[in-house]
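Structure file entry_38.txt (compact mmCIF, C-alpha atoms) follows.
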# COMPACT_ATOMS: atom_id res chain seq x y z
CA MET A 3 17.03 -17.30 11.80
CA SER A 4 14.19 -19.71 12.52
CA THR A 5 13.85 -22.76 10.26
CA LYS A 6 10.05 -22.59 10.46
CA LYS A 7 8.29 -22.10 7.13
CA VAL A 8 4.96 -20.41 6.50
CA LYS A 9 2.90 -21.99 3.71
CA ILE A 10 1.58 -19.22 1.44
CA ALA A 11 -0.99 -19.05 -1.35
CA ILE A 12 -1.13 -16.10 -3.77
CA ILE A 13 -4.61 -15.07 -4.90
CA GLY A 14 -4.76 -13.14 -8.20
CA LEU A 15 -1.94 -13.33 -10.72
CA GLY A 16 -1.89 -9.93 -12.42
CA PHE A 17 -0.02 -7.72 -9.97
CA GLY A 18 0.24 -10.78 -7.72
CA ALA A 19 2.68 -12.54 -10.03
CA GLU A 20 5.32 -9.97 -9.05
CA PHE A 21 5.54 -11.67 -5.64
CA ILE A 22 5.93 -15.29 -6.74
CA PRO A 23 9.75 -15.43 -7.02
CA ILE A 24 10.14 -13.47 -3.77
CA TYR A 25 8.14 -16.00 -1.77
CA LYS A 26 9.93 -18.86 -3.51
CA LYS A 27 13.31 -17.47 -2.44
CA TYR A 28 12.31 -16.31 1.05
CA PRO A 29 13.93 -18.67 3.58
CA ASN A 30 10.91 -18.87 5.91
CA ALA A 31 8.20 -19.14 3.27
CA GLU A 32 6.92 -21.94 1.09
CA LEU A 33 4.73 -20.93 -1.84
CA VAL A 34 2.35 -23.88 -1.98
CA ALA A 35 -0.53 -22.66 -4.18
CA LEU A 36 -1.72 -20.14 -6.75
CA CYS A 37 -5.31 -19.06 -7.40
CA GLN A 38 -6.65 -17.46 -10.56
CA ARG A 39 -10.11 -17.71 -12.16
CA ASN A 40 -8.67 -17.99 -15.67
CA LYS A 41 -7.39 -21.59 -15.83
CA GLU A 42 -5.21 -21.01 -18.90
CA LYS A 43 -3.43 -18.07 -17.28
CA LEU A 44 -3.18 -19.98 -13.99
CA ASN A 45 -1.46 -22.94 -15.64
CA GLU A 46 0.85 -20.72 -17.69
CA ILE A 47 2.17 -18.89 -14.62
CA ALA A 48 2.19 -21.94 -12.33
CA ASP A 49 4.15 -23.90 -14.95
CA ALA A 50 6.65 -21.07 -15.37
CA PHE A 51 7.32 -20.90 -11.61
CA GLU A 52 6.87 -24.62 -10.90
CA VAL A 53 4.00 -24.28 -8.43
CA GLU A 54 2.09 -27.54 -8.15
CA LYS A 55 -1.16 -26.63 -6.37
CA ARG A 56 -3.55 -24.59 -8.50
CA TYR A 57 -7.04 -23.32 -7.75
CA THR A 58 -9.59 -21.53 -9.89
CA SER A 59 -11.93 -21.34 -6.87
CA TYR A 60 -10.95 -19.18 -3.91
CA GLU A 61 -13.50 -20.96 -1.73
CA GLU A 62 -11.90 -24.33 -2.48
CA LEU A 63 -8.44 -22.96 -1.74
CA LEU A 64 -9.56 -21.80 1.70
CA LYS A 65 -10.53 -25.40 2.54
CA ASP A 66 -6.94 -26.56 2.02
CA PRO A 67 -5.44 -27.32 5.46
CA ASP A 68 -1.94 -27.13 4.00
CA ILE A 69 -2.20 -23.32 3.57
CA ASP A 70 -1.30 -21.07 6.51
CA ALA A 71 -1.73 -17.66 4.86
CA VAL A 72 -3.10 -16.00 1.75
CA HIS A 73 -1.73 -13.00 -0.12
CA ILE A 74 -4.68 -11.35 -1.89
CA ASN A 75 -4.04 -9.39 -5.10
CA THR A 76 -7.54 -9.31 -6.58
CA PRO A 77 -9.61 -6.31 -7.76
CA ILE A 78 -10.37 -3.67 -5.14
CA PRO A 79 -14.09 -4.56 -4.72
CA ASN A 80 -13.10 -8.07 -3.57
CA HIS A 81 -10.53 -7.16 -0.91
CA GLY A 82 -12.81 -6.81 2.09
CA GLU A 83 -14.98 -9.85 1.41
CA GLN A 84 -12.05 -12.13 0.56
CA SER A 85 -10.05 -11.05 3.62
CA ILE A 86 -13.06 -11.77 5.83
CA GLN A 87 -13.53 -15.19 4.22
CA ALA A 88 -9.87 -16.07 4.77
CA LEU A 89 -9.85 -15.03 8.43
CA LYS A 90 -13.04 -17.04 9.04
CA ALA A 91 -11.29 -20.01 7.41
CA GLY A 92 -8.37 -19.69 9.83
CA LYS A 93 -5.84 -18.19 7.41
CA HIS A 94 -3.51 -15.26 8.02
CA VAL A 95 -4.02 -12.48 5.47
CA ALA A 96 -1.82 -10.16 3.47
CA CYS A 97 -3.89 -8.00 1.13
CA THR A 98 -3.00 -5.39 -1.44
CA VAL A 99 -4.50 -1.93 -1.00
CA PRO A 100 -6.98 -0.71 0.01
CA MET A 101 -8.11 -2.89 2.91
CA ALA A 102 -11.77 -2.69 1.85
CA THR A 103 -14.29 -0.36 0.23
CA THR A 104 -16.53 0.22 3.26
CA VAL A 105 -16.02 1.15 6.90
CA GLU A 106 -18.11 -1.88 7.87
CA GLU A 107 -15.79 -4.33 6.11
CA CYS A 108 -12.76 -2.74 7.76
CA GLU A 109 -14.41 -3.11 11.16
CA GLU A 110 -15.22 -6.79 10.60
CA ILE A 111 -11.62 -7.55 9.60
CA VAL A 112 -10.29 -5.83 12.74
CA HIS A 113 -12.73 -7.69 14.96
CA LEU A 114 -11.91 -11.05 13.34
CA THR A 115 -8.20 -10.61 14.00
CA GLN A 116 -8.96 -9.75 17.61
CA GLU A 117 -11.23 -12.79 18.02
CA THR A 118 -8.99 -15.31 16.25
CA GLY A 119 -5.48 -14.05 16.96
CA LEU A 120 -4.74 -14.27 13.24
CA THR A 121 -2.52 -11.72 11.50
CA TYR A 122 -3.72 -9.22 8.90
CA MET A 123 -1.38 -6.89 6.99
CA MET A 124 -2.31 -4.41 4.26
CA MET A 125 0.51 -4.54 1.71
CA GLU A 126 1.03 -0.79 1.28
CA THR A 127 3.99 -0.33 -1.06
CA VAL A 128 4.91 3.30 -0.30
CA VAL A 129 5.70 2.69 3.38
CA TYR A 130 8.37 0.18 2.26
CA ALA A 131 9.67 2.12 -0.76
CA ARG A 132 13.34 3.14 -0.58
CA GLU A 133 12.46 6.86 -0.54
CA PHE A 134 10.19 6.40 2.46
CA LEU A 135 12.70 4.16 4.23
CA TYR A 136 15.33 6.87 3.75
CA MET A 137 13.06 9.47 5.35
CA LYS A 138 12.15 7.04 8.14
CA GLU A 139 15.85 6.53 8.83
CA LEU A 140 16.35 10.31 9.08
CA TYR A 141 13.34 10.54 11.40
CA ASP A 142 14.39 7.65 13.65
CA SER A 143 17.94 9.03 13.96
CA GLY A 144 16.69 12.49 14.93
CA GLU A 145 18.17 14.21 11.86
CA LEU A 146 14.82 15.74 10.90
CA GLY A 147 14.45 17.33 14.31
CA LYS A 148 10.85 17.91 15.35
CA VAL A 149 8.44 16.93 12.59
CA GLN A 150 6.17 19.90 11.88
CA PHE A 151 4.07 18.89 8.86
CA LEU A 152 3.63 16.10 6.31
CA LYS A 153 2.28 16.12 2.80
CA ALA A 154 1.67 13.47 0.15
CA SER A 155 -0.02 12.99 -3.21
CA HIS A 156 -0.92 10.22 -5.61
CA GLN A 157 -1.78 11.26 -9.14
CA GLN A 158 -2.44 8.76 -11.90
CA ASP A 159 -4.29 8.53 -15.22
CA MET A 160 -6.64 5.56 -14.85
CA ASP A 161 -8.24 5.73 -18.31
CA GLY A 162 -8.15 2.26 -19.85
CA TRP A 163 -7.94 0.39 -16.54
CA PRO A 164 -10.43 -2.41 -15.65
CA ASN A 165 -14.16 -1.87 -15.32
CA TYR A 166 -14.34 -0.96 -11.61
CA TRP A 167 -11.91 1.97 -11.97
CA PRO A 168 -13.81 4.47 -14.19
CA GLY A 169 -15.17 7.32 -12.08
CA LEU A 170 -13.79 5.94 -8.78
CA PRO A 171 -13.77 8.69 -6.14
CA PRO A 172 -10.11 9.76 -5.82
CA MET A 173 -9.91 9.29 -2.05
CA HIS A 174 -11.35 5.77 -2.21
CA TYR A 175 -7.90 4.65 -3.36
CA ALA A 176 -5.78 6.90 -1.19
CA THR A 177 -3.59 4.56 0.85
CA HIS A 178 -0.47 5.39 -1.21
CA CYS A 179 -0.59 8.96 0.10
CA VAL A 180 -2.33 8.46 3.45
CA GLY A 181 -0.07 5.54 4.39
CA PRO A 182 3.26 7.37 4.45
CA VAL A 183 2.06 10.46 6.35
CA LEU A 184 0.79 8.25 9.18
CA ALA A 185 3.59 5.67 8.96
CA LEU A 186 6.56 8.00 9.44
CA THR A 187 5.72 8.82 13.06
CA ARG A 188 3.48 5.74 13.51
CA ASP A 189 0.56 8.03 14.32
CA GLU A 190 -3.18 7.58 13.77
CA ALA A 191 -5.70 9.83 12.06
CA GLU A 192 -8.32 11.25 14.44
CA TYR A 193 -10.51 13.16 11.98
CA VAL A 194 -10.51 14.39 8.39
CA SER A 195 -11.84 17.22 6.25
CA CYS A 196 -11.84 16.96 2.47
CA PHE A 197 -12.72 19.21 -0.45
CA GLY A 198 -13.43 18.16 -4.01
CA SER A 199 -12.18 20.26 -6.89
CA GLY A 200 -12.96 20.28 -10.59
CA THR A 201 -15.25 17.94 -12.50
CA ILE A 202 -14.63 14.74 -14.44
CA ARG A 203 -16.54 13.98 -17.63
CA GLU A 204 -20.20 12.96 -17.47
CA ASP A 205 -19.74 9.32 -18.52
CA LEU A 206 -17.41 8.81 -15.53
CA ILE A 207 -19.55 10.63 -12.95
CA LYS A 208 -22.48 8.23 -13.34
CA GLU A 209 -20.43 5.22 -12.20
CA TYR A 210 -20.07 6.32 -8.53
CA ASP A 211 -22.04 9.60 -8.43
CA SER A 212 -18.71 11.32 -7.74
CA PRO A 213 -17.95 14.45 -9.80
CA PHE A 214 -14.55 15.43 -8.42
CA ALA A 215 -11.37 15.49 -10.51
CA VAL A 216 -9.21 16.08 -7.41
CA GLU A 217 -9.85 15.51 -3.72
CA THR A 218 -7.69 17.20 -1.08
CA THR A 219 -7.80 16.04 2.53
CA HIS A 220 -6.49 17.46 5.78
CA ILE A 221 -5.79 14.82 8.42
CA LYS A 222 -5.61 15.69 12.13
CA PHE A 223 -3.40 13.25 14.00
CA ARG A 224 -4.63 11.65 17.22
CA ASN A 225 -2.76 12.51 20.45
CA SER A 226 -0.38 14.71 18.46
CA ASP A 227 0.10 18.32 17.41
CA LEU A 228 0.59 17.18 13.79
CA SER A 229 -1.63 17.41 10.76
CA ALA A 230 -1.05 16.35 7.16
CA GLN A 231 -2.39 17.20 3.72
CA VAL A 232 -2.93 14.61 0.98
CA TYR A 233 -4.37 15.00 -2.50
CA ARG A 234 -5.43 12.53 -5.14
CA SER A 235 -6.51 12.48 -8.81
CA LEU A 236 -7.51 9.64 -11.14
CA PHE A 237 -9.11 11.15 -14.24
CA ASP A 238 -8.98 14.25 -16.43
CA VAL A 239 -5.92 15.80 -14.75
CA ALA A 240 -2.71 16.24 -16.77
CA ARG A 241 0.05 14.73 -14.63
CA GLN A 242 2.74 12.09 -14.90
CA TYR A 243 2.22 9.25 -12.42
CA ARG A 244 3.38 10.44 -9.02
CA GLU A 245 3.34 8.91 -5.59
CA SER A 246 4.91 11.59 -3.44
CA PHE A 247 5.69 12.06 0.21
CA GLU A 248 7.20 15.12 1.88
CA VAL A 249 8.19 15.70 5.49
CA TYR A 250 9.02 19.06 7.05
CA GLY A 251 11.14 19.01 10.21
CA SER A 252 12.82 21.68 12.35
CA LYS A 253 16.32 20.56 11.31
CA LYS A 254 15.78 18.95 7.91
CA SER A 255 12.96 18.57 5.39
CA VAL A 256 12.73 16.12 2.50
CA GLU A 257 10.70 16.61 -0.68
CA TRP A 258 9.82 14.05 -3.32
CA PRO A 259 10.92 14.97 -6.86
CA LEU A 260 8.40 16.59 -9.19
CA ILE A 261 9.48 14.34 -12.08
CA GLU A 262 9.77 10.57 -11.79
CA GLY A 263 13.36 9.37 -11.51
CA LYS A 264 14.84 12.65 -10.26
CA PRO A 265 16.60 12.91 -6.87
CA LEU A 266 14.97 13.79 -3.58
CA VAL A 267 15.56 17.32 -2.29
CA VAL A 268 16.84 17.64 1.28
CA HIS A 269 16.63 21.08 2.93
CA THR A 270 18.90 21.72 5.94
CA ALA A 271 18.11 24.56 8.35
CA LYS A 272 20.43 27.44 9.24
CA LYS A 273 22.67 27.19 6.20
CA PRO A 274 23.24 30.13 3.84
CA GLU A 275 20.11 30.41 1.69
CA PRO A 276 21.61 29.02 -1.56
CA GLU A 277 23.02 26.02 0.33
CA ILE A 278 19.80 24.97 2.06
CA PRO A 279 18.57 22.58 -0.67
CA GLU A 280 20.58 19.56 -1.80
CA GLU A 281 19.61 16.86 -4.29
CA VAL A 282 20.06 13.39 -2.79
CA GLU A 283 19.76 10.03 -4.52
CA SER A 284 17.81 7.78 -2.19
CA PRO A 285 19.87 4.77 -1.10
CA ASP A 286 18.48 1.29 -1.48
CA PHE A 287 17.60 -0.65 1.66
CA ALA A 288 18.17 -4.23 0.56
CA LYS A 289 20.48 -4.51 3.58
CA LEU A 290 17.38 -4.82 5.77
CA LEU A 291 16.36 -8.06 4.06
CA PRO A 292 17.48 -11.70 4.11
CA GLU A 293 20.23 -12.15 1.52
CA GLU A 294 18.10 -14.53 -0.54
CA ILE A 295 15.63 -11.77 -1.53
CA GLN A 296 17.84 -8.67 -1.57
CA ARG A 297 18.08 -8.57 -5.37
CA PHE A 298 14.31 -8.04 -5.67
CA THR A 299 14.57 -4.41 -4.51
CA THR A 300 15.93 -3.59 -7.98
CA GLN A 301 14.51 -6.42 -10.09
CA GLY A 302 10.93 -7.58 -10.49
CA VAL A 303 9.59 -10.88 -11.74
CA TYR A 304 11.06 -10.33 -15.17
CA ASP A 305 14.51 -9.11 -16.15
CA THR A 306 12.98 -6.80 -18.78
CA ASP A 307 9.95 -4.51 -18.73
CA ASP A 308 7.96 -6.92 -20.90
CA ASN A 309 4.80 -8.28 -19.28
CA GLN A 310 5.19 -6.43 -15.99
CA HIS A 311 1.91 -5.30 -14.47
CA LEU A 312 0.91 -1.74 -15.35
CA SER A 313 0.78 -0.67 -11.69
CA PHE A 314 4.40 -1.81 -11.29
CA THR A 315 5.70 0.00 -14.38
CA GLN A 316 3.69 3.20 -13.79
CA GLY A 317 4.82 3.23 -10.18
CA ALA A 318 8.52 2.89 -11.12
CA GLY A 319 8.79 -0.52 -9.50
CA HIS A 320 7.10 0.67 -6.30
CA GLY A 321 10.44 1.82 -4.90
CA GLY A 322 11.76 -1.70 -4.40
CA SER A 323 9.09 -2.34 -1.77
CA HIS A 324 7.88 -5.82 -2.71
CA PRO A 325 10.55 -7.89 -0.91
CA HIS A 326 10.23 -5.64 2.16
CA LEU A 327 6.47 -6.34 2.22
CA VAL A 328 7.04 -10.09 2.01
CA HIS A 329 9.66 -9.91 4.75
CA ALA A 330 7.43 -7.84 7.05
CA PHE A 331 4.50 -10.24 6.64
CA VAL A 332 6.32 -13.56 6.92
CA ASP A 333 8.58 -12.35 9.73
CA ALA A 334 5.48 -11.32 11.69
CA LEU A 335 4.06 -14.82 11.31
CA ILE A 336 7.34 -16.44 12.34
CA THR A 337 8.03 -14.21 15.35
CA GLY A 338 4.47 -13.47 16.48
CA LYS A 339 5.12 -9.73 16.25
CA SER A 340 2.64 -7.30 14.76
CA PRO A 341 3.45 -6.21 11.18
CA TYR A 342 3.07 -2.65 9.95
CA PRO A 343 0.38 -1.87 9.07
CA ASN A 344 -1.62 -4.39 11.12
CA ALA A 345 -5.41 -4.66 10.99
CA SER A 346 -6.32 -1.57 13.04
CA GLN A 347 -3.57 0.52 11.42
CA SER A 348 -4.71 -0.62 7.97
CA ALA A 349 -8.28 0.29 8.88
CA ASN A 350 -7.21 3.74 10.06
CA ILE A 351 -5.33 4.38 6.80
CA THR A 352 -8.13 3.02 4.59
CA CYS A 353 -10.99 4.70 6.46
CA VAL A 354 -9.27 8.09 6.08
CA GLY A 355 -9.92 7.80 2.34
CA ILE A 356 -13.46 6.43 2.62
CA LEU A 357 -14.51 9.12 5.12
CA ALA A 358 -12.62 11.86 3.29
CA HIS A 359 -14.78 11.31 0.21
CA GLU A 360 -17.86 11.44 2.43
CA SER A 361 -16.54 14.75 3.80
CA ALA A 362 -16.06 16.11 0.27
CA LEU A 363 -19.66 15.29 -0.60
CA LYS A 364 -20.67 17.28 2.51
CA GLY A 365 -18.61 20.35 1.63
CA GLY A 366 -15.61 19.60 3.83
CA GLN A 367 -17.43 18.54 7.00
CA LEU A 368 -15.15 17.24 9.78
CA ILE A 369 -15.57 13.47 10.17
CA LYS A 370 -14.02 11.45 12.99
CA LEU A 371 -12.36 8.10 12.49
CA PRO A 372 -14.17 5.25 14.28
CA GLU A 373 -12.77 3.85 17.52
CA PHE A 374 -11.97 0.44 16.05
CA THR A 375 -9.26 2.05 13.89
CA PHE A 376 -7.27 3.04 16.97
CA GLU A 377 -4.72 0.75 18.61
CA ALA A 378 -5.94 -0.59 21.92

Now that the file is in, can you turn its structure into structure tokens?
Amino acid sequence: MSTKKVKIAIIGLGFGAEFIPIYKKYPNAELVALCQRNKEKLNEIADAFEVEKRYTSYEELLKDPDIDAVHINTPIPNHGEQSIQALKAGKHVACTVPMATTVEECEEIVHLTQETGLTYMMMETVVYAREFLYMKELYDSGELGKVQFLKASHQQDMDGWPNYWPGLPPMHYATHCVGPVLALTRDEAEYVSCFGSGTIREDLIKEYDSPFAVETTHIKFRNSDLSAQVYRSLFDVARQYRESFEVYGSKKSVEWPLIEGKPLVVHTAKKPEPEIPEEVESPDFAKLLPEEIQRFTTQGVYDTDDNQHLSFTQGAGHGGSHPHLVHAFVDALITGKSPYPNASQSANITCVGILAHESALKGGQLIKLPEFTFEA
């Protein structure tokens, strides 16, 4: 392994704090700075993890020549603007989902990476969760046979979350279900059609002029015979938190459990009918990681559930994905390879959701993904 180290700064210390010990243990990373607007919280976390450089101003942090890359974990409305600022400042970018809130911001990020040669990676947890990695292993080995259809959902009760969440259109935060259906075969979305269903309460509708309780999207893959279905809900739908992904192949199919913590169900073709389904506990994939960070697939920042970020606890630890995300990003910077998802792939995944909501408002109209979201 290379002895080169990438100097990283983490921006936002709610969900972002989950990544601090991973970067500190990663052999090719050096966590040099933390950034948080609240100085008291910043000092508390930086003291606990012994990080010397501390910024309350993102703009000041970007002026620091000692920082190679930023990992952005701020509120959704800031993702696009802050990624653009970082790329213009000459920093590589890892950013939590979604990439941005507008198609225009996604396009600018893609163009900046092309102009500068800098790396951008959207830190989509599901495509590095152990359940997805298990299905990807089956796909890559040919055990699934020909993939015929993919399906995913993300259902969550967002009542009580911060002020930009109430009334958010469901598909505006859809990367957790769009990401895996495109990532399995490394395909791109060509066009989408989405329908809204149901109605959220009046006080939520006014925030984004979006009435839908559920949005369901069909995705047509580019240069492929495949399509996928994804659905999303955020408010006024009775459902335990669920990020799900299902793949249907000619030889085997794999379905996510209906209840959190239950086994996957693997269906094998041409067996006697009662023997077709089998419950399978998804293996862990720490073996894919440097030894120094392998333990983080089953442990977060804290050894107990106390103080863990709500997105981490609701999402059942995000399937052990955090160290895989760090490894994918830093390894890309060390080797010069493109991470998954890179800027155009991240834009394709994110724009599916943005344009799907636009489709729902137009009664399911087909909307094409823009050219900049396709790999050159």

With all atoms listed in the file as the atoms that count, which of A:Phe331, A:Tyr166, A:Tyr122, A:Phe21 lies nearest to A:Glu110?
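Checking each candidate against A:Glu110, we get A:Tyr122 as the closest.
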
As an exercise, work out the distance from atom CA of A:Leu228 to atom CA of A:Pro341 in Å and give it to one decimal place.
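Atom-to-atom, atom CA of A:Leu228 and atom CA of A:Pro341 are spaced 23.7 Å apart.
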
Could you check the closest approach to A:His94 for each of A:Thr352, A:Ser226, A:Asn344, A:Thr58 and tell me which residue wins, using all atoms listed in the file?
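Going through A:Thr352, A:Ser226, A:Asn344, A:Thr58 one by one, the smallest distance to A:His94 is for A:Asn344.
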
Restricting the calculation to all atoms listed in the file, which member of A:Ile24, A:Ile74, A:Leu357, A:Leu33 is positioned closest to A:Thr299?
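Smallest distance to A:Thr299 is found for A:Ile24.
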
Set the distance at 6 Å and use only C-alpha atoms: which residues neighbour A:Ala131 once local chain neighbours fewer than 2 positions away are removed? I'd like the list as a VMD selection string.
chain A and resid 128 to 129 133 to 134 321 to 323

As a check of understanding: the span from atom CA of A:Glu83 to atom CA of A:Ile111 is 9.1 Å

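For the residues A:Gln116, A:Ser235, A:Gln367, A:Asn75, ranking by smallest atom-to-atom distance to A:Ala96 using all atoms listed in the file places A:Asn75 first.
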
Find the residues near A:Tyr57: any atom within 7 Å, counting all atoms listed in the file, skip ones fewer than 4 places away on the same chain, and give them as a list of chain:residue names.
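Answer for this query is A:Leu36, A:Cys37, A:Gln38, A:Leu63.
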
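In this model, the gap between atom CA of A:Ile47 and atom CA of A:Pro67 comes to 23.1 Å.
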
Here is a test: counting only C-alpha atoms, which residue of A:Val34, A:Met160, A:Leu266, A:Ala358 is nearest to A:Tyr243?
A:Met160

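Of the listed residues (A:Ala330, A:Leu291, A:Leu236, A:Val112), A:Val112 comes nearest to A:Phe376; the distances count only C-alpha atoms.
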
Env of A:Tyr28: 9 Å cut, atoms = all atoms listed in the file, seq-sep filter 4 positions within chain, self excluded. Answer as a list in words.
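My list of contacting residues is Pro23, Ile24, Glu32, Pro292, Glu293, Glu294, Ile295, Pro325, Val328, His329 and Val332 of chain A.
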
Can you patch up stretch 249-257 of chain A, filling it in to all heavy atoms, and show the result as a compact mmCIF listing (two decimals), keeping the file's coordinate frame?
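And here is the file that came out, selection07.txt:
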# COMPACT_ATOMS: atom_id res chain seq x y z
N VAL A 249 8.20 15.50 4.05
CA VAL A 249 8.19 15.70 5.49
C VAL A 249 8.98 16.96 5.81
O VAL A 249 10.06 17.18 5.27
CB VAL A 249 8.75 14.48 6.24
CG1 VAL A 249 10.15 14.11 5.77
CG2 VAL A 249 8.77 14.71 7.75
N TYR A 250 8.41 17.79 6.69
CA TYR A 250 9.02 19.06 7.05
C TYR A 250 9.37 19.03 8.54
O TYR A 250 8.48 18.97 9.40
CB TYR A 250 8.07 20.22 6.72
CG TYR A 250 7.85 20.32 5.23
CD1 TYR A 250 6.81 19.62 4.62
CD2 TYR A 250 8.71 21.06 4.43
CE1 TYR A 250 6.63 19.68 3.25
CE2 TYR A 250 8.53 21.12 3.06
CZ TYR A 250 7.50 20.42 2.47
OH TYR A 250 7.34 20.47 1.11
N GLY A 251 10.68 19.04 8.84
CA GLY A 251 11.14 19.01 10.21
C GLY A 251 11.84 20.30 10.59
O GLY A 251 12.11 21.16 9.74
N SER A 252 12.17 20.46 11.87
CA SER A 252 12.82 21.68 12.35
C SER A 252 14.29 21.75 11.93
O SER A 252 14.85 22.85 11.78
CB SER A 252 12.71 21.76 13.87
OG SER A 252 13.33 20.63 14.48
N LYS A 253 14.92 20.59 11.71
CA LYS A 253 16.32 20.56 11.31
C LYS A 253 16.50 20.26 9.82
O LYS A 253 17.33 20.86 9.14
CB LYS A 253 17.08 19.52 12.12
CG LYS A 253 17.18 19.81 13.61
CD LYS A 253 17.94 18.71 14.33
CE LYS A 253 18.05 18.98 15.82
NZ LYS A 253 18.76 17.86 16.52
N LYS A 254 15.71 19.30 9.33
CA LYS A 254 15.78 18.95 7.91
C LYS A 254 14.38 18.66 7.38
O LYS A 254 13.50 18.21 8.13
CB LYS A 254 16.65 17.70 7.69
CG LYS A 254 18.14 17.95 7.79
CD LYS A 254 18.94 16.70 7.41
CE LYS A 254 20.45 16.97 7.47
NZ LYS A 254 21.24 15.77 7.09
N SER A 255 14.19 18.92 6.10
CA SER A 255 12.96 18.57 5.39
C SER A 255 13.35 17.81 4.13
O SER A 255 14.43 18.02 3.58
CB SER A 255 12.16 19.82 5.03
OG SER A 255 11.79 20.54 6.18
N VAL A 256 12.47 16.91 3.71
CA VAL A 256 12.73 16.12 2.50
C VAL A 256 11.53 16.17 1.59
O VAL A 256 10.39 15.95 2.03
CB VAL A 256 13.06 14.64 2.84
CG1 VAL A 256 13.54 13.91 1.58
CG2 VAL A 256 14.11 14.54 3.94
N GLU A 257 11.77 16.50 0.31
CA GLU A 257 10.70 16.61 -0.68
C GLU A 257 10.93 15.61 -1.80
O GLU A 257 12.04 15.44 -2.29
CB GLU A 257 10.64 18.03 -1.24
CG GLU A 257 10.26 19.06 -0.19
CD GLU A 257 10.30 20.48 -0.72
OE1 GLU A 257 11.08 20.75 -1.66
OE2 GLU A 257 9.56 21.33 -0.20
